[in-house]
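Have a look at the structure below before the remarks.
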Amino acid sequence: MRSRLWWTLSGAAVPLCRVNGWLIDPLLPYLRLALWGGVECTINRVGDAYLDQVFLSGHHGRADDLDRFAALGIAALRYPLLWESFARAADPEPLWAWHDERLERLNRLGIRAIIGLIHHGSGPPGTDLLANDFAAGLAAHARKAADRYPWVRDWTPVNEPLTTARFAALYGHWYPHAQKEGDFWLALVNQIDAIRWAMREIRTVVPQARLIQTEDLGHSDATPERGTQAAFDNARRWASWDMLTGRFVPGHALWDHVIALGLEDRLHAIAQAPCPPEILGLNHYLTSDRFLDHRLDRHPPASHGDSAAGPLADVEAVRVLDDPPGLVGAARACWARYGIPIAFTEIHNGCTREEQMRWLWEAWSIAGKLRDELIPIEAVTAWSLLGAQDWDSLLTDPAGNYESGVFDTRGKRPRETALAPLMRQLAADEAPDHPVLARRGWWRRHQAVPGAPTRPLLITGATGTLGQAFAGACRLRGIDHVLTDRQGLDLGDTCSIASALDRLSPWAVINCAGWVRVDEAEDRAEDCHAANTLGSVTLARACRDRDIHYTGFSSDLVFDGLAGRAYVESDAPAPLNVYGRSKARADAALDALGERTLVIRTAAFFSPYDRQNFAMHLVDALRDGRPFMAASDCVISPTYVPDLVRATLDLVIDDETGLWHLVSMGALSWADFAGALGRAMALPLGSIDARPADAMGWIAPRPRHVALTSERGLIMPDLGSAIARFATTLGA
């Protein structure tokens, strides 16, 4: 221990001091905290299907992703060399060549590789977590990897063995889909042996190889009626590290429980030849701490379950307790128990952009605080650099949701999010400066925030659907904002615009004001042009002059509908009506302004939170049995306002620019849209009057097919999901 701490942390001959019984380097608070990165690389099996995150993210075909990672300033990268990939390949040599190229490129970029050999997996076909040959199979793969890459020092043979055992052998989510206590412990012991044997093979080739052993660590609190279960969970959470460090021996809190399952000989063998990690890889998420409650009626049915102590609700502690132990509590507990240096090996939050940033910044700050306490935190790892797919269903549904990370991979190439400049600032030991970081994350919002108010986000259009929606979203997301009406900022008055911007000093402006009455615009073209073109461009120009990010909104009505396909951003406008021309002229003028100007082209709003939209008028009519006219030959891409607002705010925080098409993915005629809404609401459809556009009584001509899609990135949920959520929300 003395030698490891001496050279790992300082690399210099400085006398060690003793803190809580452990020898550590007193220079620790003055040494730079390392920034690491990670690629979500799970290959898990559900039934006979394997889900490979490296393919889902597109990383398998983009070697230049590594250059993107290097530009973030990371010192090390958790990177996959997974057993399942090689064992399932008809010819593994091309796969070895793929890894040769990647690892050599990392070397050239000055990034240290931390190689993972199995990541939430159960092994290739023919074995699984419960099989006798699981450990030997992984060890053989580890030897091949070490022989090929003897210069790699850091290894994680099995990622999160305890978590994997729970999901695969106790809860039945992943292969082999077992749900027995004995199978859980067998799966864990097999993975511990796999780690021990893999490291033995690796160290035959690389004697100085380090084991960086990851685990998802949380703490369970409970009502007194479920305290016994919480105590068991809190003992079990240490099981993988306890086994590897030789602590799982007679007298351990769980020894009798596990040997009763027939694993005594296996446990003795592990204890006699432990394999303590050089670094504990602490993975802690906002949901890692749990609260067990016997009062089922207080919590949603999805949280209900059984335990030896009786029925319980298992919920996120952060949502019901004022101050759960969290990341800082987990790190202190690890250091007190093991005295082994720690790295935060997964820092990721599947949430809105500002909350992702707040969590990374909080974890970095916690690491600094702990180092001041002389707890050796070596690194903080920004996890899911390329985002992650399907974790909302625990990897059981390949069609699950994608959550972006430091990069968003839903376009032609990975797009940097606001996490990327934040990482560069952390790597350079600079204080982050994004305005959204002045507020705490949702998990801390109940705590007082010191200091003066931050620069706000300015939203125009206080009386409109969109302005109100953005203001509501900002309240929920903890984004300081000001919502203005015409008295506060008049788009037709340059002095009013300048005064508002100078007085409020916003970091960004979202312009939701403008002319929206399409038919009336035909007789009031000058007024429509003044609001949608002149006013928008004047505000955007004033923002440019003050280096303020500007966002405006455009419409599908800039197109004539003759393309016969969905329109993308690069398609040339050809409007049929006055309203469309006002938007097309604004788009061209805003594009000419250049940097820090974002234009969102969208269409056909619907929302359960505002009564002035097609969907709400339809529902009212169907409930009353009144006729409701809808065009049968005009195809549009309806847009669910809550999704539009969320996606736009993320783009604004990312400092994104240019033209984006944001609609709910899909296309329907107005009449078919009405039918889909009615079916989702379980309402009778007989009063829907589907008729041609020529019979709708519209004054302004409408294009017949103006579905939208995007060539920049499909970052909005699909239309079916939006309709279902609309119906659920309205029904509730």
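Residue numbering restarts at 1 in every chain; chains get A, B, ... in the order shown in the structure tokens, and ligands count up from 1 in that same order.
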(request) Using DSSP on the backbone, list every residue of segment 209-431 of chain A that comes out as strand (DSSP E), and give them as a PyMOL selection string. (result) chain A and resi 210-216+220-222+279-283+290-293+304-305+312-316+342-347+377-382+388-389+402-403+407-408+415-416
Contact table segment 404-476 of chain A vs segment 605-624 of chain A, cut-off 12 Å, shortest pair per residue, only C-alpha atoms, as a tab-separated table:
```
residue	atom	partner	partner_atom	distance
A:Thr463	CA	A:Asp610	CA	11.3
A:Gly464	CA	A:Asp610	CA	9.4
A:Thr465	CA	A:Asp610	CA	6.4
A:Leu466	CA	A:Phe605	CA	9.0
A:Gly467	CA	A:Asp610	CA	11.3
A:Gln468	CA	A:Asp610	CA	9.0
A:Ala469	CA	A:Tyr609	CA	8.2
A:Phe470	CA	A:Tyr609	CA	11.9
A:Gly472	CA	A:Tyr609	CA	10.1
A:Ala473	CA	A:Tyr609	CA	11.7
```
Restrict the selected residues to N, CA and C atoms and save them as a JSON list (two decimals), in the first residue's frame.
```json
[["chain", "number", "residue", "atom", "x", "y", "z"],
["A", 463, "THR", "N", -47.64, 36.22, -24.42],
["A", 463, "THR", "CA", -49.05, 35.86, -24.57],
["A", 463, "THR", "C", -49.26, 34.64, -25.45],
["A", 464, "GLY", "N", -48.20, 34.10, -26.02],
["A", 464, "GLY", "CA", -48.36, 33.00, -26.96],
["A", 464, "GLY", "C", -48.10, 31.63, -26.37],
["A", 465, "THR", "N", -48.53, 30.60, -27.11],
["A", 465, "THR", "CA", -48.33, 29.21, -26.69],
["A", 465, "THR", "C", -46.86, 28.91, -26.47],
["A", 466, "LEU", "N", -46.03, 29.31, -27.41],
["A", 466, "LEU", "CA", -44.62, 28.93, -27.35],
["A", 466, "LEU", "C", -43.89, 29.67, -26.22],
["A", 467, "GLY", "N", -44.15, 30.96, -26.08],
["A", 467, "GLY", "CA", -43.49, 31.71, -25.01],
["A", 467, "GLY", "C", -43.83, 31.14, -23.64],
["A", 468, "GLN", "N", -45.10, 30.85, -23.41],
["A", 468, "GLN", "CA", -45.51, 30.27, -22.14],
["A", 468, "GLN", "C", -44.88, 28.90, -21.93],
["A", 469, "ALA", "N", -44.78, 28.11, -23.00],
["A", 469, "ALA", "CA", -44.20, 26.79, -22.88],
["A", 469, "ALA", "C", -42.72, 26.86, -22.49],
["A", 470, "PHE", "N", -41.99, 27.78, -23.11],
["A", 470, "PHE", "CA", -40.57, 27.93, -22.76],
["A", 470, "PHE", "C", -40.40, 28.41, -21.32],
["A", 472, "GLY", "N", -42.43, 27.91, -18.82],
["A", 472, "GLY", "CA", -42.74, 26.79, -17.94],
["A", 472, "GLY", "C", -41.61, 25.79, -17.87],
["A", 473, "ALA", "N", -40.99, 25.49, -19.03],
["A", 473, "ALA", "CA", -39.87, 24.55, -19.05],
["A", 473, "ALA", "C", -38.68, 25.09, -18.27]]
```
(message) Could you list, as a list in words, every residue within 9 Å of His219 of chain A, counting only C-alpha atoms and ignoring same-chain residues fewer than 5 positions away?
(response) Ala230, Asp233, Asn234, Arg237, Ser288, Asp289, Arg290, Phe291, Ala317, Pro324, Pro325, Gly326, Gly329 and Ala330 of chain A
(request) Excluding segment 113-118 of chain A and residues on its chain fewer than 6 positions from it, collect all residues at most 7 Å away from it, counting only C-alpha atoms, and give them as an MDAnalysis selection string. (result) chainID A and resid 76:83 152 154:159
(request) Identify, on the basis of only C-alpha atoms, every residue whose closest approach to Arg105 of chain A does not exceed 12 Å; exclude the query and any residue fewer than 6 positions from it along the same chain; express the result as a PyMOL selection string. (result) chain A and resi 63-70+98-99+111-113
Can you write out the residues you just picked, keeping C-alpha atoms, as an mmCIF file, in the first residue's frame?
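Saved file selection_16.cif follows:
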```cif
data_model
loop_
_atom_site.group_PDB
_atom_site.id
_atom_site.type_symbol
_atom_site.label_atom_id
_atom_site.label_comp_id
_atom_site.auth_asym_id
_atom_site.auth_seq_id
_atom_site.Cartn_x
_atom_site.Cartn_y
_atom_site.Cartn_z
ATOM 1 C CA ALA A 63 -11.949 6.012 -35.868
ATOM 2 C CA ASP A 64 -11.846 9.801 -35.778
ATOM 3 C CA ASP A 65 -14.036 9.719 -32.664
ATOM 4 C CA LEU A 66 -10.765 9.246 -30.797
ATOM 5 C CA ASP A 67 -9.530 12.599 -32.088
ATOM 6 C CA ARG A 68 -12.753 14.160 -30.828
ATOM 7 C CA PHE A 69 -12.123 12.629 -27.419
ATOM 8 C CA ALA A 70 -8.534 13.848 -27.345
ATOM 9 C CA TRP A 98 -9.811 -2.766 -35.596
ATOM 10 C CA HIS A 99 -8.512 -2.663 -32.015
ATOM 11 C CA ILE A 111 -4.449 8.979 -24.076
ATOM 12 C CA ARG A 112 -4.004 6.017 -21.760
ATOM 13 C CA ALA A 113 -6.355 3.107 -22.474
#
```
(message) Please extract the residues of segment 543-683 of chain A with a backbone DSSP assignment of helix (DSSP H, G or I) and present them as a ChimeraX atom specification.
(response) /A:543-545,556-558,578-593,614-624,641-653,670-680
(message) Could you tell me how far atom CA of Asp650 of chain A sits from atom CA of Phe553 of chain A, in Å to one decimal place?
(response)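 It comes out at 15.3 Å.
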(message) So that I can check the surroundings of Ala530 of chain A, please list as number ranges by chain every protein, DNA and RNA residue that reaches within 9 Å of it, counting only C-alpha atoms and ignoring chain neighbours fewer than 6 positions away.
(response) A: 491-492, 514-515, 536, 582
Within 12 Å of Leu659 of chain A using only C-alpha atoms, minus same-chain residues under 5 positions, as a compact mmCIF listing (two decimals) with C-alpha atoms, in the first residue's frame:
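Everything below was put into around.txt:
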```
# COMPACT_ATOMS: atom_id res chain seq x y z
CA TYR A 550 -30.40 34.27 -30.69
CA THR A 551 -33.09 31.71 -31.54
CA GLY A 552 -36.03 32.34 -33.86
CA PHE A 553 -38.74 30.11 -35.33
CA SER A 554 -39.68 29.37 -38.91
CA SER A 555 -42.44 27.33 -40.51
CA VAL A 568 -34.77 18.99 -45.09
CA GLU A 569 -32.81 22.05 -44.07
CA SER A 570 -30.96 22.45 -47.36
CA ASP A 571 -34.13 22.53 -49.49
CA ALA A 584 -38.65 32.59 -45.73
CA ALA A 586 -36.53 36.05 -42.14
CA ASP A 587 -34.70 32.72 -42.57
CA ALA A 588 -32.48 34.15 -45.32
CA ALA A 589 -31.71 37.32 -43.36
CA LEU A 590 -30.94 35.43 -40.15
CA ASP A 591 -28.67 33.06 -42.03
CA ALA A 592 -26.70 36.05 -43.28
CA GLY A 594 -23.77 34.22 -39.17
CA GLU A 595 -22.52 33.09 -35.78
CA ARG A 596 -24.70 32.59 -32.70
CA THR A 597 -27.99 32.61 -34.60
CA LEU A 598 -30.25 29.55 -34.49
CA VAL A 599 -33.43 29.10 -36.54
CA ILE A 600 -35.88 26.33 -35.67
CA ARG A 601 -38.22 25.40 -38.52
CA THR A 602 -41.25 23.55 -37.18
CA THR A 648 -34.65 23.71 -28.50
CA LEU A 651 -29.60 23.31 -28.60
CA SER A 710 -33.74 16.77 -40.65
CA GLU A 711 -30.37 16.11 -42.21
CA ARG A 712 -28.64 17.59 -39.14
CA GLY A 713 -29.99 15.14 -36.58
```
(request) Find the residue from A:Arg200, A:Arg585, A:His294, A:Arg236 that sits nearest to Pro276 of chain A; use only C-alpha atoms when measuring. (result)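 Of the candidates, the smallest distance to Pro276 of chain A is held by A:Arg200.
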(message) I'd like the interatomic distance between atom CA of Gly110 of chain A and atom CA of Asp147 of chain A, to a tenth of an Å.
(response)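 Those two atoms sit 21.5 Å apart.
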(message) I need the residue nearest Arg153 of chain A from this list: A:Gln208, A:Thr454, A:Thr223, A:Ser307. Use only C-alpha atoms for the distance.
(response)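 Going through A:Gln208, A:Thr454, A:Thr223, A:Ser307 one by one, the smallest distance to Arg153 of chain A is for A:Gln208.
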